[in-house]
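Novice: Can you read through this structure? Questions will come right after.
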Amino acid sequence: MYRLISKLVIYRNAGEDSILFRLADICQQFYAGEYIKENLITEIYIEINRLLDIATCYGFDKNLWHNYLAFILAMSENPFTLVSEKTGANEGTVNVFANGDFLIFKKLFDYDFSEIENALGINCFSIILDYKAVVKSGQISNKSVSEKVQELSEAIEDANDEKQIYNIVTGFYKKYGVGKFGLNKAFRVSYNEKTGEVLSPITSTGNMTLDDIIGYEAQKKKLVENTEAFLNGRAANNVLLFGDAGTGKSTSIKAILNMYYSQGLRMIEVFKHEFKDLSKIIAEIKNRNYRFIIYMDDLSFEEFEIEYKYLKAVIEGGLETKPENVLIYATSNRRHLIRETWSDRSDMSQDELHRSDTMQEKLSLAARFGVSIGFYKPSQQEYFNIVKGLAAKCPGINLSYEQLCAEANKWELSHGGISGRTAQQFVNYLAGAAE
């Protein structure tokens, strides 16, 4: 195995500390006869443990060795894979090296571990080649990555030679993309000192859709239109969703991600204290073949907070322009984002000569969002309609409309007032009681 992977050219960036390189080193020790049996078995078990960790994280099943090799191919970001992400299969001298690497991967797929197992008296390789994983919920494993990687793994298993693998892998890159941005839909700020990367995947996201939000049709339509313009390369605006709490602002943005993920939309969640990293985030994503929405939830600032200045510079005003594949979507309960006082509205102040300049400074942030969409507290009848629509999706709730409204009215009086969130909580209560 070591002689095989030492000849890799394009896919050498798996890293010498990777499971692949460590197993190759173990195989080299074994065939050279330069090992102590107990120590070598321990080293093997360490790598099997690491492989099981990856399998558990991503929900791999059946042949974990094949899944792991396919995972390397799917996650490897290099000039060849990044070009293939945009164009698929293409002509070029680099294909000579690519086909050479794919021939090596074909041999790795077919690698026989039985000699090592028989000599050392172990069976761990046989187990991972026919692994039956415990069924996991979407909250534990990353189903999006799992399904794609296993699809790639099974296609390579059926390939006859490196040329077929080339077409399979480049087609995969064209269809799904490559690396963490290709295989995941959402990301958070998590600085990796070893690689210098700022973003890491959020491996479990909700499956909400816009249909889950009852009402607010005009607001949803405006959000969809702006997002589709962005995805189609037309002029689009940063969006601020403002209004009352519990009205569906955050859910709308999450639903947009689910709706357009297959069209290349990705989302990055950024919190206020991370605004200083915005320039690093944009540097990491600006040249990728995806459309990114930087998502800021519950955005607001007190007078003493200055993080909004970082945001203003990124949106509009900094020397470096925001890339065309990046937009900012934010939610807030405040229309103007920054806390205002009555003294802001007058030049009469004991400690500032031109108080109205402060007012303009605060309003200028909200003005940088080209689209502002208001989500307001529903009327009582709209609240009842929301409850009715949500209850209709729960077969166990058998109350009449009149009973439903009466109970919903009692619920909101003691649970924060009328809102879509209150309606959802009420329906959740009814569904739980019916089970």
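Labeling convention for the structure tokens: chains A, B, ... as they appear, residues from 1 per chain, ligands from 1 in order of appearance.
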Quick check for you: according to DSSP on this backbone, which residues of region 171-274 of chain A are classed as strand (DSSP E)? Reply as a list in words.
Specialist: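 Matching residues, listed in order: Ala186, Phe187, Arg188, Val189, Leu199, Ser200, Pro201, Val239, Leu240, Leu241, Phe242, Gly243, Leu265, Arg266, Met267, Ile268 and Glu269 of chain A.
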Novice: Quick one: residues within 9 Å of region 411-422 of chain A, only C-alpha atoms counted, chain neighbours fewer than 5 positions away excluded, as a list in words?
Specialist: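 In the requested form, the answer reads Ile213, Ile214, Asp244, Ala245, Gly246, Thr247, Gly248, Tyr376, Lys377, Pro378, Ser379, Gln380, Tyr383, Ile386, Val387, Ala406 and Val427 of chain A.
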Novice: Could you turn the residues from that selection into a file that holds all heavy atoms, as a short mmCIF file (atom, residue, chain, number, x, y, z; two decimals), in the first residue's frame?
Specialist:
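Output contents, as saved in part-v3.cif:
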data_model
loop_
_atom_site.label_atom_id
_atom_site.label_comp_id
_atom_site.auth_asym_id
_atom_site.auth_seq_id
_atom_site.Cartn_x
_atom_site.Cartn_y
_atom_site.Cartn_z
N ILE A 213 -44.38 28.08 7.25
CA ILE A 213 -44.74 29.40 7.76
C ILE A 213 -46.11 29.76 7.19
O ILE A 213 -46.24 30.02 5.98
CB ILE A 213 -43.70 30.46 7.36
CG1 ILE A 213 -42.31 30.03 7.85
CG2 ILE A 213 -44.08 31.83 7.92
CD1 ILE A 213 -41.20 30.88 7.29
N ILE A 214 -47.12 29.73 8.00
CA ILE A 214 -48.49 30.02 7.56
C ILE A 214 -48.67 31.54 7.46
O ILE A 214 -48.39 32.27 8.41
CB ILE A 214 -49.53 29.43 8.53
CG1 ILE A 214 -49.21 27.96 8.82
CG2 ILE A 214 -50.94 29.60 7.97
CD1 ILE A 214 -49.27 27.05 7.63
N ASP A 244 -41.64 41.80 14.79
CA ASP A 244 -41.93 41.21 16.09
C ASP A 244 -41.32 39.83 16.25
O ASP A 244 -41.13 39.10 15.26
CB ASP A 244 -43.45 41.13 16.28
CG ASP A 244 -44.09 42.51 16.29
OD1 ASP A 244 -43.67 43.34 17.11
OD2 ASP A 244 -45.00 42.75 15.47
N ALA A 245 -41.03 39.47 17.49
CA ALA A 245 -40.44 38.17 17.80
C ALA A 245 -41.42 37.04 17.48
O ALA A 245 -42.64 37.20 17.63
CB ALA A 245 -40.05 38.11 19.27
N GLY A 246 -40.88 35.91 17.04
CA GLY A 246 -41.70 34.72 16.81
C GLY A 246 -42.56 34.75 15.58
O GLY A 246 -43.52 33.99 15.47
N THR A 247 -42.24 35.61 14.61
CA THR A 247 -43.08 35.74 13.41
C THR A 247 -42.55 34.99 12.20
O THR A 247 -43.16 35.05 11.13
CB THR A 247 -43.27 37.23 13.06
OG1 THR A 247 -42.00 37.88 13.01
CG2 THR A 247 -44.14 37.92 14.10
N GLY A 248 -41.41 34.31 12.32
CA GLY A 248 -40.92 33.47 11.23
C GLY A 248 -39.75 34.04 10.45
O GLY A 248 -39.43 33.54 9.37
N TYR A 376 -44.68 41.25 11.07
CA TYR A 376 -45.37 41.83 12.22
C TYR A 376 -46.27 40.80 12.90
O TYR A 376 -46.68 39.81 12.30
CB TYR A 376 -46.18 43.04 11.78
CG TYR A 376 -45.31 44.11 11.15
CD1 TYR A 376 -45.33 44.32 9.76
CD2 TYR A 376 -44.46 44.88 11.93
CE1 TYR A 376 -44.52 45.28 9.18
CE2 TYR A 376 -43.65 45.85 11.35
CZ TYR A 376 -43.68 46.05 9.98
OH TYR A 376 -42.87 46.99 9.41
N LYS A 377 -46.57 41.07 14.17
CA LYS A 377 -47.42 40.19 14.95
C LYS A 377 -48.77 40.00 14.25
O LYS A 377 -49.39 40.97 13.82
CB LYS A 377 -47.63 40.80 16.34
CG LYS A 377 -48.45 39.93 17.29
CD LYS A 377 -48.43 40.49 18.69
CE LYS A 377 -49.21 41.78 18.78
NZ LYS A 377 -49.33 42.25 20.19
N PRO A 378 -49.24 38.76 14.12
CA PRO A 378 -50.51 38.52 13.43
C PRO A 378 -51.70 39.00 14.26
O PRO A 378 -51.61 39.14 15.48
CB PRO A 378 -50.54 37.00 13.28
CG PRO A 378 -49.71 36.49 14.42
CD PRO A 378 -48.62 37.51 14.62
N SER A 379 -52.78 39.27 13.55
CA SER A 379 -54.03 39.54 14.26
C SER A 379 -54.52 38.25 14.90
O SER A 379 -53.99 37.16 14.63
CB SER A 379 -55.08 40.07 13.28
OG SER A 379 -55.44 39.04 12.35
N GLN A 380 -55.56 38.36 15.72
CA GLN A 380 -56.07 37.15 16.38
C GLN A 380 -56.59 36.15 15.35
O GLN A 380 -56.35 34.94 15.48
CB GLN A 380 -57.17 37.48 17.38
CG GLN A 380 -57.59 36.26 18.21
CD GLN A 380 -58.57 36.60 19.30
OE1 GLN A 380 -59.67 37.07 19.01
NE2 GLN A 380 -58.19 36.38 20.55
N TYR A 383 -53.71 34.53 13.73
CA TYR A 383 -53.15 33.57 14.69
C TYR A 383 -53.92 32.26 14.67
O TYR A 383 -53.33 31.17 14.63
CB TYR A 383 -53.18 34.20 16.09
CG TYR A 383 -52.87 33.26 17.22
CD1 TYR A 383 -51.61 32.69 17.38
CD2 TYR A 383 -53.85 32.96 18.17
CE1 TYR A 383 -51.34 31.84 18.45
CE2 TYR A 383 -53.59 32.11 19.24
CZ TYR A 383 -52.32 31.55 19.37
OH TYR A 383 -52.05 30.71 20.41
N ILE A 386 -53.05 30.34 11.60
CA ILE A 386 -51.75 29.69 11.72
C ILE A 386 -51.89 28.40 12.53
O ILE A 386 -51.35 27.34 12.15
CB ILE A 386 -50.72 30.64 12.38
CG1 ILE A 386 -50.43 31.83 11.45
CG2 ILE A 386 -49.42 29.89 12.69
CD1 ILE A 386 -49.59 32.91 12.11
N VAL A 387 -52.60 28.48 13.64
CA VAL A 387 -52.82 27.29 14.47
C VAL A 387 -53.53 26.21 13.67
O VAL A 387 -53.15 25.02 13.71
CB VAL A 387 -53.65 27.66 15.72
CG1 VAL A 387 -54.11 26.40 16.45
CG2 VAL A 387 -52.83 28.54 16.66
N ALA A 406 -60.47 28.11 20.73
CA ALA A 406 -60.68 28.38 22.15
C ALA A 406 -59.44 28.01 22.97
O ALA A 406 -58.98 28.78 23.84
CB ALA A 406 -61.90 27.62 22.65
N VAL A 427 -49.34 23.95 19.18
CA VAL A 427 -49.58 22.72 18.39
C VAL A 427 -48.66 21.61 18.85
O VAL A 427 -49.05 20.43 18.90
CB VAL A 427 -49.42 23.03 16.88
CG1 VAL A 427 -49.44 21.74 16.07
CG2 VAL A 427 -50.51 23.98 16.41
#
Novice: Just want the 9 Å neighbourhood of region 174-186 of chain A, counted on only C-alpha atoms, with same-chain residues fewer than 3 positions away dropped. Output as a ChimeraX atom specification.
Specialist: /A:73-77,81-82,84-89,142,144-145,148-149,169-171,200-205,257-258,261-262,264-269,285,288-290
Novice: Among the residues of region 60-292 of chain A, find those DSSP assigns to helix (DSSP H, G or I) from the backbone and print them as a ChimeraX atom specification.
Specialist: /A:64-75,79-87,94-109,114-120,124-128,143-157,162-176,179-183,210-212,217-231,249-263,272-285
Novice: Residues within 9 Å of Lys276 (chain A), please, as a list in words. Count only C-alpha atoms; anything in the same chain fewer than 4 positions from it doesn't count.
Specialist: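 Once the nearby chain positions are removed, what remains is Lys272, Lys280, Glu307, Tyr310 and Leu311 of chain A.
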Novice: Using C-alpha atoms, can you write the selected residues to a file as a compact mmCIF listing (two decimals), in the first residue's frame?
Specialist:
# COMPACT_ATOMS: atom_id res chain seq x y z
CA LYS A 272 -21.94 39.64 16.43
CA LYS A 280 -11.28 36.35 6.52
CA GLU A 307 -18.95 45.70 16.07
CA TYR A 310 -16.98 45.96 10.81
CA LEU A 311 -20.29 45.03 9.21
Novice: Leaving out Glu43 (chain A) and any residue of its chain fewer than 5 positions from it, which residues lie within 12 Å of it when counting only C-alpha atoms, given as a list in words?
Specialist: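 Contacts, with the query itself left out: Ile19, Arg22, Leu23, Ala24, Asp25, Ile26, Cys27, Gln29, Phe30, Tyr35, Ile36, Lys37, Glu38, Ile48, Asn49 and Arg50 of chain A.
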Novice: Go ahead and save the picked residues with N, CA and C atoms, as a compact mmCIF listing (two decimals), in the first residue's frame.
Specialist:
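The new file result-v4.txt reads:
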# COMPACT_ATOMS: atom_id res chain seq x y z
N ILE A 19 -5.60 8.62 8.01
CA ILE A 19 -5.75 7.17 8.16
C ILE A 19 -5.10 6.45 6.99
N ARG A 22 -1.30 6.49 7.44
CA ARG A 22 -0.90 5.70 8.61
C ARG A 22 -1.07 4.20 8.33
N LEU A 23 -2.15 3.81 7.67
CA LEU A 23 -2.32 2.39 7.32
C LEU A 23 -1.25 1.95 6.32
N ALA A 24 -0.89 2.85 5.41
CA ALA A 24 0.16 2.51 4.45
C ALA A 24 1.48 2.26 5.17
N ASP A 25 1.77 3.08 6.18
CA ASP A 25 3.00 2.89 6.95
C ASP A 25 2.95 1.57 7.72
N ILE A 26 1.77 1.23 8.24
CA ILE A 26 1.61 -0.05 8.94
C ILE A 26 1.85 -1.22 8.01
N CYS A 27 1.29 -1.13 6.81
CA CYS A 27 1.50 -2.20 5.82
C CYS A 27 2.96 -2.33 5.44
N GLN A 29 5.55 -1.64 7.35
CA GLN A 29 6.22 -2.33 8.47
C GLN A 29 5.95 -3.83 8.41
N PHE A 30 4.71 -4.18 8.10
CA PHE A 30 4.34 -5.61 8.09
C PHE A 30 5.11 -6.37 7.03
N TYR A 35 8.60 -5.20 12.70
CA TYR A 35 7.55 -4.81 13.65
C TYR A 35 7.51 -5.79 14.82
N ILE A 36 6.94 -5.29 15.90
CA ILE A 36 6.59 -6.13 17.05
C ILE A 36 5.08 -6.36 16.96
N LYS A 37 4.66 -7.61 16.98
CA LYS A 37 3.28 -7.98 16.70
C LYS A 37 2.29 -7.18 17.54
N GLU A 38 2.48 -7.13 18.85
CA GLU A 38 1.52 -6.45 19.71
C GLU A 38 1.45 -4.96 19.40
N ILE A 48 -8.31 1.95 13.00
CA ILE A 48 -9.69 1.47 12.86
C ILE A 48 -10.63 2.31 13.71
N ASN A 49 -10.17 2.67 14.90
CA ASN A 49 -10.97 3.55 15.77
C ASN A 49 -11.22 4.90 15.11
N ARG A 50 -10.21 5.46 14.48
CA ARG A 50 -10.36 6.74 13.79
C ARG A 50 -11.33 6.61 12.62
